[in-house]
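What follows is a set of notes on a single structure, which appears directly below.
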Amino acid sequence: GGQVGEERGTVVEPEITSRHVVIDVDDGVGETVEVRADGEYLFTATVGRGGEVQVSRGSAIAEELEDAIDRKRTVTVVPAR
């Protein structure tokens, strides 16, 4: 046993709505998670009651996330330590 290397996290498909970028994290309500693109850290967020992370569009974080989506990078969510 024992984990070697980095935790890979859960691959997610962010959804871009008119006002937010929404990431569905089904089983992580209330948890703090790190959002990464191709393993590169983007930001830390708390999963809301609906099991979602919502980022307001127009913010720097949302722009990075949208850029990652445009480039078809793999977005993952990893529990923050």
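So you can find residues: chains in the structure tokens are A, B, ... in the order shown, residues in each start at 1, and ligands are numbered from 1 in order.
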Proximity check stretch 2-45 of chain A to stretch 59-78 of chain A, 6 Å, nearest pairs one decimal Å, only C-alpha atoms, as a tab-separated table:
```
residue	atom	partner	partner_atom	distance
A:Gly9	CA	A:Val78	CA	4.4
A:Thr10	CA	A:Thr76	CA	5.2
A:Val11	CA	A:Thr76	CA	4.3
A:Val12	CA	A:Thr76	CA	5.6
A:Val33	CA	A:Val78	CA	5.5
A:Glu34	CA	A:Val78	CA	5.1
A:Val35	CA	A:Val77	CA	4.7
A:Arg36	CA	A:Thr76	CA	5.2
A:Ala37	CA	A:Val75	CA	4.4
A:Asp38	CA	A:Thr74	CA	5.0
```
What's the 6 Å shell around A:Ile23, counting only C-alpha atoms, without same-chain residues fewer than 5 positions away, as a list in words?
->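 Here the answer would be Pro14, Glu52 and Val53 of chain A.
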Residue among A:Gly39, A:Gly51, A:Gly28, A:Gly58 lying closest to A:Ile16, counting only C-alpha atoms |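 With only C-alpha atoms as the atom set, the closest residue is A:Gly58.
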When DSSP is applied to the backbone of this structure, which of chain A are assigned strand (DSSP E)? Write them out as a PDB file with all heavy atoms, in the first residue's frame.
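To be explicit, this is the file written out as result05.pdb:
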```
ATOM      1  N   THR A  10     -10.085  13.901  -9.544  1.00  0.00           N
ATOM      2  CA  THR A  10     -11.215  13.519 -10.366  1.00  0.00           C
ATOM      3  C   THR A  10     -11.259  14.407 -11.596  1.00  0.00           C
ATOM      4  O   THR A  10     -11.216  15.634 -11.476  1.00  0.00           O
ATOM      5  CB  THR A  10     -12.526  13.718  -9.570  1.00  0.00           C
ATOM      6  OG1 THR A  10     -12.406  13.027  -8.324  1.00  0.00           O
ATOM      7  CG2 THR A  10     -13.726  13.207 -10.328  1.00  0.00           C
ATOM      8  N   VAL A  11     -11.359  13.800 -12.765  1.00  0.00           N
ATOM      9  CA  VAL A  11     -11.459  14.592 -13.988  1.00  0.00           C
ATOM     10  C   VAL A  11     -12.880  15.154 -14.082  1.00  0.00           C
ATOM     11  O   VAL A  11     -13.861  14.430 -13.897  1.00  0.00           O
ATOM     12  CB  VAL A  11     -11.150  13.731 -15.231  1.00  0.00           C
ATOM     13  CG1 VAL A  11     -11.362  14.528 -16.516  1.00  0.00           C
ATOM     14  CG2 VAL A  11      -9.721  13.211 -15.161  1.00  0.00           C
ATOM     15  N   VAL A  12     -12.981  16.449 -14.334  1.00  0.00           N
ATOM     16  CA  VAL A  12     -14.294  17.101 -14.416  1.00  0.00           C
ATOM     17  C   VAL A  12     -14.423  17.838 -15.743  1.00  0.00           C
ATOM     18  O   VAL A  12     -13.434  18.119 -16.403  1.00  0.00           O
ATOM     19  CB  VAL A  12     -14.486  18.100 -13.249  1.00  0.00           C
ATOM     20  CG1 VAL A  12     -14.585  17.362 -11.923  1.00  0.00           C
ATOM     21  CG2 VAL A  12     -13.364  19.128 -13.214  1.00  0.00           C
ATOM     22  N   GLU A  15     -18.656  23.552 -16.891  1.00  0.00           N
ATOM     23  CA  GLU A  15     -19.718  24.040 -17.765  1.00  0.00           C
ATOM     24  C   GLU A  15     -19.710  25.561 -17.701  1.00  0.00           C
ATOM     25  O   GLU A  15     -19.712  26.130 -16.605  1.00  0.00           O
ATOM     26  CB  GLU A  15     -21.051  23.492 -17.266  1.00  0.00           C
ATOM     27  CG  GLU A  15     -22.217  23.856 -18.143  1.00  0.00           C
ATOM     28  CD  GLU A  15     -23.546  23.482 -17.508  1.00  0.00           C
ATOM     29  OE1 GLU A  15     -23.558  22.639 -16.583  1.00  0.00           O
ATOM     30  OE2 GLU A  15     -24.566  24.056 -17.925  1.00  0.00           O
ATOM     31  N   ILE A  16     -19.700  26.190 -18.859  1.00  0.00           N
ATOM     32  CA  ILE A  16     -19.686  27.651 -18.891  1.00  0.00           C
ATOM     33  C   ILE A  16     -21.113  28.142 -19.101  1.00  0.00           C
ATOM     34  O   ILE A  16     -21.736  27.839 -20.115  1.00  0.00           O
ATOM     35  CB  ILE A  16     -18.760  28.160 -20.011  1.00  0.00           C
ATOM     36  CG1 ILE A  16     -17.334  27.656 -19.761  1.00  0.00           C
ATOM     37  CG2 ILE A  16     -18.796  29.688 -20.076  1.00  0.00           C
ATOM     38  CD1 ILE A  16     -16.347  27.999 -20.856  1.00  0.00           C
ATOM     39  N   HIS A  20     -21.338  32.156 -14.838  1.00  0.00           N
ATOM     40  CA  HIS A  20     -20.372  31.387 -14.060  1.00  0.00           C
ATOM     41  C   HIS A  20     -19.700  30.305 -14.888  1.00  0.00           C
ATOM     42  O   HIS A  20     -20.207  29.925 -15.939  1.00  0.00           O
ATOM     43  CB  HIS A  20     -21.067  30.677 -12.879  1.00  0.00           C
ATOM     44  CG  HIS A  20     -21.717  31.586 -11.913  1.00  0.00           C
ATOM     45  ND1 HIS A  20     -23.060  31.925 -12.000  1.00  0.00           N
ATOM     46  CD2 HIS A  20     -21.229  32.244 -10.842  1.00  0.00           C
ATOM     47  CE1 HIS A  20     -23.355  32.757 -10.996  1.00  0.00           C
ATOM     48  NE2 HIS A  20     -22.257  32.962 -10.280  1.00  0.00           N
ATOM     49  N   VAL A  21     -18.584  29.825 -14.340  1.00  0.00           N
ATOM     50  CA  VAL A  21     -18.048  28.558 -14.807  1.00  0.00           C
ATOM     51  C   VAL A  21     -18.351  27.600 -13.666  1.00  0.00           C
ATOM     52  O   VAL A  21     -18.017  27.870 -12.505  1.00  0.00           O
ATOM     53  CB  VAL A  21     -16.524  28.619 -15.071  1.00  0.00           C
ATOM     54  CG1 VAL A  21     -16.040  27.278 -15.612  1.00  0.00           C
ATOM     55  CG2 VAL A  21     -16.204  29.734 -16.061  1.00  0.00           C
ATOM     56  N   VAL A  22     -19.061  26.519 -13.975  1.00  0.00           N
ATOM     57  CA  VAL A  22     -19.549  25.600 -12.951  1.00  0.00           C
ATOM     58  C   VAL A  22     -18.835  24.262 -13.075  1.00  0.00           C
ATOM     59  O   VAL A  22     -18.748  23.694 -14.162  1.00  0.00           O
ATOM     60  CB  VAL A  22     -21.073  25.380 -13.107  1.00  0.00           C
ATOM     61  CG1 VAL A  22     -21.592  24.434 -12.029  1.00  0.00           C
ATOM     62  CG2 VAL A  22     -21.809  26.715 -13.049  1.00  0.00           C
ATOM     63  N   ILE A  23     -18.326  23.785 -11.935  1.00  0.00           N
ATOM     64  CA  ILE A  23     -17.673  22.481 -11.907  1.00  0.00           C
ATOM     65  C   ILE A  23     -18.480  21.592 -10.980  1.00  0.00           C
ATOM     66  O   ILE A  23     -18.723  21.932  -9.827  1.00  0.00           O
ATOM     67  CB  ILE A  23     -16.220  22.586 -11.391  1.00  0.00           C
ATOM     68  CG1 ILE A  23     -15.401  23.493 -12.309  1.00  0.00           C
ATOM     69  CG2 ILE A  23     -15.591  21.203 -11.285  1.00  0.00           C
ATOM     70  CD1 ILE A  23     -14.007  23.776 -11.789  1.00  0.00           C
ATOM     71  N   ASP A  24     -18.904  20.462 -11.501  1.00  0.00           N
ATOM     72  CA  ASP A  24     -19.701  19.514 -10.746  1.00  0.00           C
ATOM     73  C   ASP A  24     -18.794  18.595  -9.940  1.00  0.00           C
ATOM     74  O   ASP A  24     -17.977  17.884 -10.521  1.00  0.00           O
ATOM     75  CB  ASP A  24     -20.516  18.673 -11.734  1.00  0.00           C
ATOM     76  CG  ASP A  24     -21.932  18.499 -11.254  1.00  0.00           C
ATOM     77  OD1 ASP A  24     -22.160  18.672 -10.049  1.00  0.00           O
ATOM     78  OD2 ASP A  24     -22.799  18.184 -12.088  1.00  0.00           O
ATOM     79  N   THR A  32     -12.988  21.483   0.734  1.00  0.00           N
ATOM     80  CA  THR A  32     -12.110  22.408   0.036  1.00  0.00           C
ATOM     81  C   THR A  32     -11.313  21.600  -0.971  1.00  0.00           C
ATOM     82  O   THR A  32     -10.740  20.563  -0.630  1.00  0.00           O
ATOM     83  CB  THR A  32     -11.162  23.104   1.027  1.00  0.00           C
ATOM     84  OG1 THR A  32     -11.966  23.770   2.009  1.00  0.00           O
ATOM     85  CG2 THR A  32     -10.294  24.131   0.316  1.00  0.00           C
ATOM     86  N   VAL A  33     -11.333  22.047  -2.209  1.00  0.00           N
ATOM     87  CA  VAL A  33     -10.659  21.305  -3.274  1.00  0.00           C
ATOM     88  C   VAL A  33      -9.731  22.206  -4.069  1.00  0.00           C
ATOM     89  O   VAL A  33      -9.916  23.428  -4.119  1.00  0.00           O
ATOM     90  CB  VAL A  33     -11.682  20.661  -4.238  1.00  0.00           C
ATOM     91  CG1 VAL A  33     -12.518  19.595  -3.525  1.00  0.00           C
ATOM     92  CG2 VAL A  33     -12.586  21.715  -4.869  1.00  0.00           C
ATOM     93  N   GLU A  34      -8.740  21.588  -4.690  1.00  0.00           N
ATOM     94  CA  GLU A  34      -7.864  22.303  -5.607  1.00  0.00           C
ATOM     95  C   GLU A  34      -8.321  21.971  -7.013  1.00  0.00           C
ATOM     96  O   GLU A  34      -8.605  20.810  -7.323  1.00  0.00           O
ATOM     97  CB  GLU A  34      -6.417  21.819  -5.456  1.00  0.00           C
ATOM     98  CG  GLU A  34      -5.739  22.309  -4.216  1.00  0.00           C
ATOM     99  CD  GLU A  34      -4.264  21.909  -4.193  1.00  0.00           C
ATOM    100  OE1 GLU A  34      -3.780  21.314  -5.181  1.00  0.00           O
ATOM    101  OE2 GLU A  34      -3.620  22.194  -3.183  1.00  0.00           O
ATOM    102  N   VAL A  35      -8.382  22.996  -7.849  1.00  0.00           N
ATOM    103  CA  VAL A  35      -8.724  22.784  -9.248  1.00  0.00           C
ATOM    104  C   VAL A  35      -7.433  22.925 -10.051  1.00  0.00           C
ATOM    105  O   VAL A  35      -6.676  23.881  -9.861  1.00  0.00           O
ATOM    106  CB  VAL A  35      -9.784  23.802  -9.724  1.00  0.00           C
ATOM    107  CG1 VAL A  35     -10.099  23.599 -11.205  1.00  0.00           C
ATOM    108  CG2 VAL A  35     -11.051  23.659  -8.886  1.00  0.00           C
ATOM    109  N   ARG A  36      -7.180  21.949 -10.901  1.00  0.00           N
ATOM    110  CA  ARG A  36      -5.954  21.934 -11.686  1.00  0.00           C
ATOM    111  C   ARG A  36      -6.265  21.731 -13.156  1.00  0.00           C
ATOM    112  O   ARG A  36      -7.288  21.148 -13.499  1.00  0.00           O
ATOM    113  CB  ARG A  36      -5.039  20.789 -11.223  1.00  0.00           C
ATOM    114  CG  ARG A  36      -4.636  20.892  -9.761  1.00  0.00           C
ATOM    115  CD  ARG A  36      -3.816  19.696  -9.351  1.00  0.00           C
ATOM    116  NE  ARG A  36      -3.462  19.769  -7.929  1.00  0.00           N
ATOM    117  CZ  ARG A  36      -2.890  18.769  -7.267  1.00  0.00           C
ATOM    118  NH1 ARG A  36      -2.617  17.646  -7.884  1.00  0.00           N
ATOM    119  NH2 ARG A  36      -2.592  18.911  -5.995  1.00  0.00           N
ATOM    120  N   ALA A  37      -5.372  22.208 -14.016  1.00  0.00           N
ATOM    121  CA  ALA A  37      -5.491  21.974 -15.462  1.00  0.00           C
ATOM    122  C   ALA A  37      -4.215  21.268 -15.892  1.00  0.00           C
ATOM    123  O   ALA A  37      -3.123  21.813 -15.719  1.00  0.00           O
ATOM    124  CB  ALA A  37      -5.648  23.284 -16.221  1.00  0.00           C
ATOM    125  N   GLU A  40      -1.617  21.275 -13.352  1.00  0.00           N
ATOM    126  CA  GLU A  40      -1.089  22.563 -12.893  1.00  0.00           C
ATOM    127  C   GLU A  40      -2.142  23.257 -12.023  1.00  0.00           C
ATOM    128  O   GLU A  40      -3.289  23.421 -12.427  1.00  0.00           O
ATOM    129  CB  GLU A  40      -0.775  23.425 -14.117  1.00  0.00           C
ATOM    130  CG  GLU A  40      -0.256  24.810 -13.791  1.00  0.00           C
ATOM    131  CD  GLU A  40      -0.296  25.722 -15.010  1.00  0.00           C
ATOM    132  OE1 GLU A  40      -0.078  25.241 -16.129  1.00  0.00           O
ATOM    133  OE2 GLU A  40      -0.581  26.923 -14.822  1.00  0.00           O
ATOM    134  N   TYR A  41      -1.716  23.673 -10.832  1.00  0.00           N
ATOM    135  CA  TYR A  41      -2.641  24.283  -9.881  1.00  0.00           C
ATOM    136  C   TYR A  41      -3.245  25.570 -10.432  1.00  0.00           C
ATOM    137  O   TYR A  41      -2.523  26.431 -10.927  1.00  0.00           O
ATOM    138  CB  TYR A  41      -1.879  24.580  -8.580  1.00  0.00           C
ATOM    139  CG  TYR A  41      -2.685  25.376  -7.580  1.00  0.00           C
ATOM    140  CD1 TYR A  41      -3.594  24.732  -6.745  1.00  0.00           C
ATOM    141  CD2 TYR A  41      -2.544  26.750  -7.485  1.00  0.00           C
ATOM    142  CE1 TYR A  41      -4.339  25.460  -5.822  1.00  0.00           C
ATOM    143  CE2 TYR A  41      -3.280  27.482  -6.567  1.00  0.00           C
ATOM    144  CZ  TYR A  41      -4.182  26.831  -5.748  1.00  0.00           C
ATOM    145  OH  TYR A  41      -4.922  27.553  -4.851  1.00  0.00           O
ATOM    146  N   LEU A  42      -4.565  25.687 -10.344  1.00  0.00           N
ATOM    147  CA  LEU A  42      -5.230  26.923 -10.751  1.00  0.00           C
ATOM    148  C   LEU A  42      -5.742  27.685  -9.538  1.00  0.00           C
ATOM    149  O   LEU A  42      -5.406  28.833  -9.328  1.00  0.00           O
ATOM    150  CB  LEU A  42      -6.399  26.626 -11.696  1.00  0.00           C
ATOM    151  CG  LEU A  42      -6.070  26.099 -13.085  1.00  0.00           C
ATOM    152  CD1 LEU A  42      -7.346  25.933 -13.890  1.00  0.00           C
ATOM    153  CD2 LEU A  42      -5.105  27.018 -13.815  1.00  0.00           C
ATOM    154  N   PHE A  43      -6.585  27.038  -8.734  1.00  0.00           N
ATOM    155  CA  PHE A  43      -7.143  27.728  -7.572  1.00  0.00           C
ATOM    156  C   PHE A  43      -7.738  26.729  -6.591  1.00  0.00           C
ATOM    157  O   PHE A  43      -7.916  25.560  -6.918  1.00  0.00           O
ATOM    158  CB  PHE A  43      -8.206  28.755  -7.995  1.00  0.00           C
ATOM    159  CG  PHE A  43      -9.406  28.161  -8.691  1.00  0.00           C
ATOM    160  CD1 PHE A  43     -10.564  27.837  -7.978  1.00  0.00           C
ATOM    161  CD2 PHE A  43      -9.400  27.946 -10.058  1.00  0.00           C
ATOM    162  CE1 PHE A  43     -11.678  27.310  -8.612  1.00  0.00           C
ATOM    163  CE2 PHE A  43     -10.511  27.417 -10.715  1.00  0.00           C
ATOM    164  CZ  PHE A  43     -11.648  27.089  -9.986  1.00  0.00           C
ATOM    165  N   THR A  44      -8.026  27.220  -5.407  1.00  0.00           N
ATOM    166  CA  THR A  44      -8.675  26.419  -4.370  1.00  0.00           C
ATOM    167  C   THR A  44     -10.078  26.959  -4.186  1.00  0.00           C
ATOM    168  O   THR A  44     -10.293  28.172  -4.228  1.00  0.00           O
ATOM    169  CB  THR A  44      -7.896  26.522  -3.040  1.00  0.00           C
ATOM    170  OG1 THR A  44      -6.563  26.052  -3.265  1.00  0.00           O
ATOM    171  CG2 THR A  44      -8.544  25.686  -1.951  1.00  0.00           C
ATOM    172  N   ALA A  45     -11.041  26.061  -4.000  1.00  0.00           N
ATOM    173  CA  ALA A  45     -12.427  26.481  -3.838  1.00  0.00           C
ATOM    174  C   ALA A  45     -13.141  25.545  -2.874  1.00  0.00           C
ATOM    175  O   ALA A  45     -12.683  24.438  -2.615  1.00  0.00           O
ATOM    176  CB  ALA A  45     -13.142  26.468  -5.191  1.00  0.00           C
ATOM    177  N   THR A  46     -14.270  26.022  -2.363  1.00  0.00           N
ATOM    178  CA  THR A  46     -15.102  25.184  -1.504  1.00  0.00           C
ATOM    179  C   THR A  46     -16.306  24.732  -2.312  1.00  0.00           C
ATOM    180  O   THR A  46     -16.918  25.527  -3.025  1.00  0.00           O
ATOM    181  CB  THR A  46     -15.573  25.967  -0.262  1.00  0.00           C
ATOM    182  OG1 THR A  46     -14.413  26.422   0.436  1.00  0.00           O
ATOM    183  CG2 THR A  46     -16.408  25.098   0.661  1.00  0.00           C
ATOM    184  N   GLU A  52     -21.360  21.765  -6.273  1.00  0.00           N
ATOM    185  CA  GLU A  52     -20.739  22.490  -7.371  1.00  0.00           C
ATOM    186  C   GLU A  52     -19.754  23.537  -6.884  1.00  0.00           C
ATOM    187  O   GLU A  52     -19.932  24.113  -5.822  1.00  0.00           O
ATOM    188  CB  GLU A  52     -21.800  23.234  -8.202  1.00  0.00           C
ATOM    189  CG  GLU A  52     -22.765  22.336  -8.907  1.00  0.00           C
ATOM    190  CD  GLU A  52     -23.891  23.138  -9.562  1.00  0.00           C
ATOM    191  OE1 GLU A  52     -24.154  24.281  -9.143  1.00  0.00           O
ATOM    192  OE2 GLU A  52     -24.506  22.599 -10.486  1.00  0.00           O
ATOM    193  N   VAL A  53     -18.750  23.768  -7.719  1.00  0.00           N
ATOM    194  CA  VAL A  53     -17.864  24.905  -7.520  1.00  0.00           C
ATOM    195  C   VAL A  53     -18.263  25.911  -8.582  1.00  0.00           C
ATOM    196  O   VAL A  53     -18.324  25.559  -9.764  1.00  0.00           O
ATOM    197  CB  VAL A  53     -16.378  24.504  -7.705  1.00  0.00           C
ATOM    198  CG1 VAL A  53     -15.488  25.741  -7.754  1.00  0.00           C
ATOM    199  CG2 VAL A  53     -15.937  23.577  -6.581  1.00  0.00           C
ATOM    200  N   GLN A  54     -18.578  27.132  -8.189  1.00  0.00           N
ATOM    201  CA  GLN A  54     -18.968  28.160  -9.142  1.00  0.00           C
ATOM    202  C   GLN A  54     -17.960  29.298  -9.109  1.00  0.00           C
ATOM    203  O   GLN A  54     -17.627  29.799  -8.048  1.00  0.00           O
ATOM    204  CB  GLN A  54     -20.360  28.712  -8.812  1.00  0.00           C
ATOM    205  CG  GLN A  54     -21.459  27.714  -9.026  1.00  0.00           C
ATOM    206  CD  GLN A  54     -22.826  28.379  -9.073  1.00  0.00           C
ATOM    207  OE1 GLN A  54     -22.963  29.586  -8.863  1.00  0.00           O
ATOM    208  NE2 GLN A  54     -23.844  27.597  -9.346  1.00  0.00           N
ATOM    209  N   VAL A  55     -17.513  29.666 -10.292  1.00  0.00           N
ATOM    210  CA  VAL A  55     -16.556  30.760 -10.409  1.00  0.00           C
ATOM    211  C   VAL A  55     -17.214  31.851 -11.248  1.00  0.00           C
ATOM    212  O   VAL A  55     -17.719  31.569 -12.337  1.00  0.00           O
ATOM    213  CB  VAL A  55     -15.267  30.282 -11.107  1.00  0.00           C
ATOM    214  CG1 VAL A  55     -14.246  31.398 -11.148  1.00  0.00           C
ATOM    215  CG2 VAL A  55     -14.693  29.068 -10.398  1.00  0.00           C
ATOM    216  N   SER A  56     -17.228  33.069 -10.739  1.00  0.00           N
ATOM    217  CA  SER A  56     -17.853  34.164 -11.489  1.00  0.00           C
ATOM    218  C   SER A  56     -17.045  34.484 -12.732  1.00  0.00           C
ATOM    219  O   SER A  56     -15.833  34.680 -12.667  1.00  0.00           O
ATOM    220  CB  SER A  56     -17.942  35.418 -10.624  1.00  0.00           C
ATOM    221  OG  SER A  56     -18.809  35.198  -9.551  1.00  0.00           O
ATOM    222  N   VAL A  75      -9.084  19.067 -16.841  1.00  0.00           N
ATOM    223  CA  VAL A  75      -9.322  19.758 -15.577  1.00  0.00           C
ATOM    224  C   VAL A  75      -9.639  18.699 -14.519  1.00  0.00           C
ATOM    225  O   VAL A  75     -10.481  17.838 -14.727  1.00  0.00           O
ATOM    226  CB  VAL A  75     -10.494  20.760 -15.709  1.00  0.00           C
ATOM    227  CG1 VAL A  75     -10.770  21.452 -14.363  1.00  0.00           C
ATOM    228  CG2 VAL A  75     -10.188  21.790 -16.796  1.00  0.00           C
ATOM    229  N   THR A  76      -8.904  18.776 -13.412  1.00  0.00           N
ATOM    230  CA  THR A  76      -9.135  17.825 -12.320  1.00  0.00           C
ATOM    231  C   THR A  76      -9.391  18.555 -11.022  1.00  0.00           C
ATOM    232  O   THR A  76      -8.986  19.716 -10.851  1.00  0.00           O
ATOM    233  CB  THR A  76      -7.932  16.879 -12.123  1.00  0.00           C
ATOM    234  OG1 THR A  76      -6.743  17.653 -11.941  1.00  0.00           O
ATOM    235  CG2 THR A  76      -7.756  15.942 -13.301  1.00  0.00           C
ATOM    236  N   VAL A  77     -10.082  17.870 -10.121  1.00  0.00           N
ATOM    237  CA  VAL A  77     -10.368  18.394  -8.789  1.00  0.00           C
ATOM    238  C   VAL A  77      -9.731  17.436  -7.799  1.00  0.00           C
ATOM    239  O   VAL A  77      -9.939  16.231  -7.868  1.00  0.00           O
ATOM    240  CB  VAL A  77     -11.898  18.476  -8.560  1.00  0.00           C
ATOM    241  CG1 VAL A  77     -12.210  18.841  -7.120  1.00  0.00           C
ATOM    242  CG2 VAL A  77     -12.505  19.494  -9.505  1.00  0.00           C
ATOM    243  N   VAL A  78      -8.934  17.996  -6.884  1.00  0.00           N
ATOM    244  CA  VAL A  78      -8.189  17.194  -5.911  1.00  0.00           C
ATOM    245  C   VAL A  78      -8.503  17.733  -4.521  1.00  0.00           C
ATOM    246  O   VAL A  78      -8.501  18.945  -4.325  1.00  0.00           O
ATOM    247  CB  VAL A  78      -6.667  17.319  -6.169  1.00  0.00           C
ATOM    248  CG1 VAL A  78      -5.869  16.430  -5.221  1.00  0.00           C
ATOM    249  CG2 VAL A  78      -6.325  16.991  -7.617  1.00  0.00           C
ATOM    250  N   PRO A  79      -8.780  16.867  -3.549  1.00  0.00           N
ATOM    251  CA  PRO A  79      -9.040  17.364  -2.189  1.00  0.00           C
ATOM    252  C   PRO A  79      -7.840  18.160  -1.688  1.00  0.00           C
ATOM    253  O   PRO A  79      -6.706  17.710  -1.815  1.00  0.00           O
ATOM    254  CB  PRO A  79      -9.205  16.079  -1.364  1.00  0.00           C
ATOM    255  CG  PRO A  79      -9.552  15.013  -2.360  1.00  0.00           C
ATOM    256  CD  PRO A  79      -8.863  15.400  -3.633  1.00  0.00           C
TER     257      PRO A  79
END
```
Filtered DSSP result for chain A, state helix (DSSP H, G or I), as a PyMOL selection string = chain A and resi 60-70
Proximity to A:Ala80 - best of A:Gly30, A:Arg19, A:Gly50, A:Glu13, only C-alpha atoms |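 Of all the options, A:Gly30 lies closest to A:Ala80.
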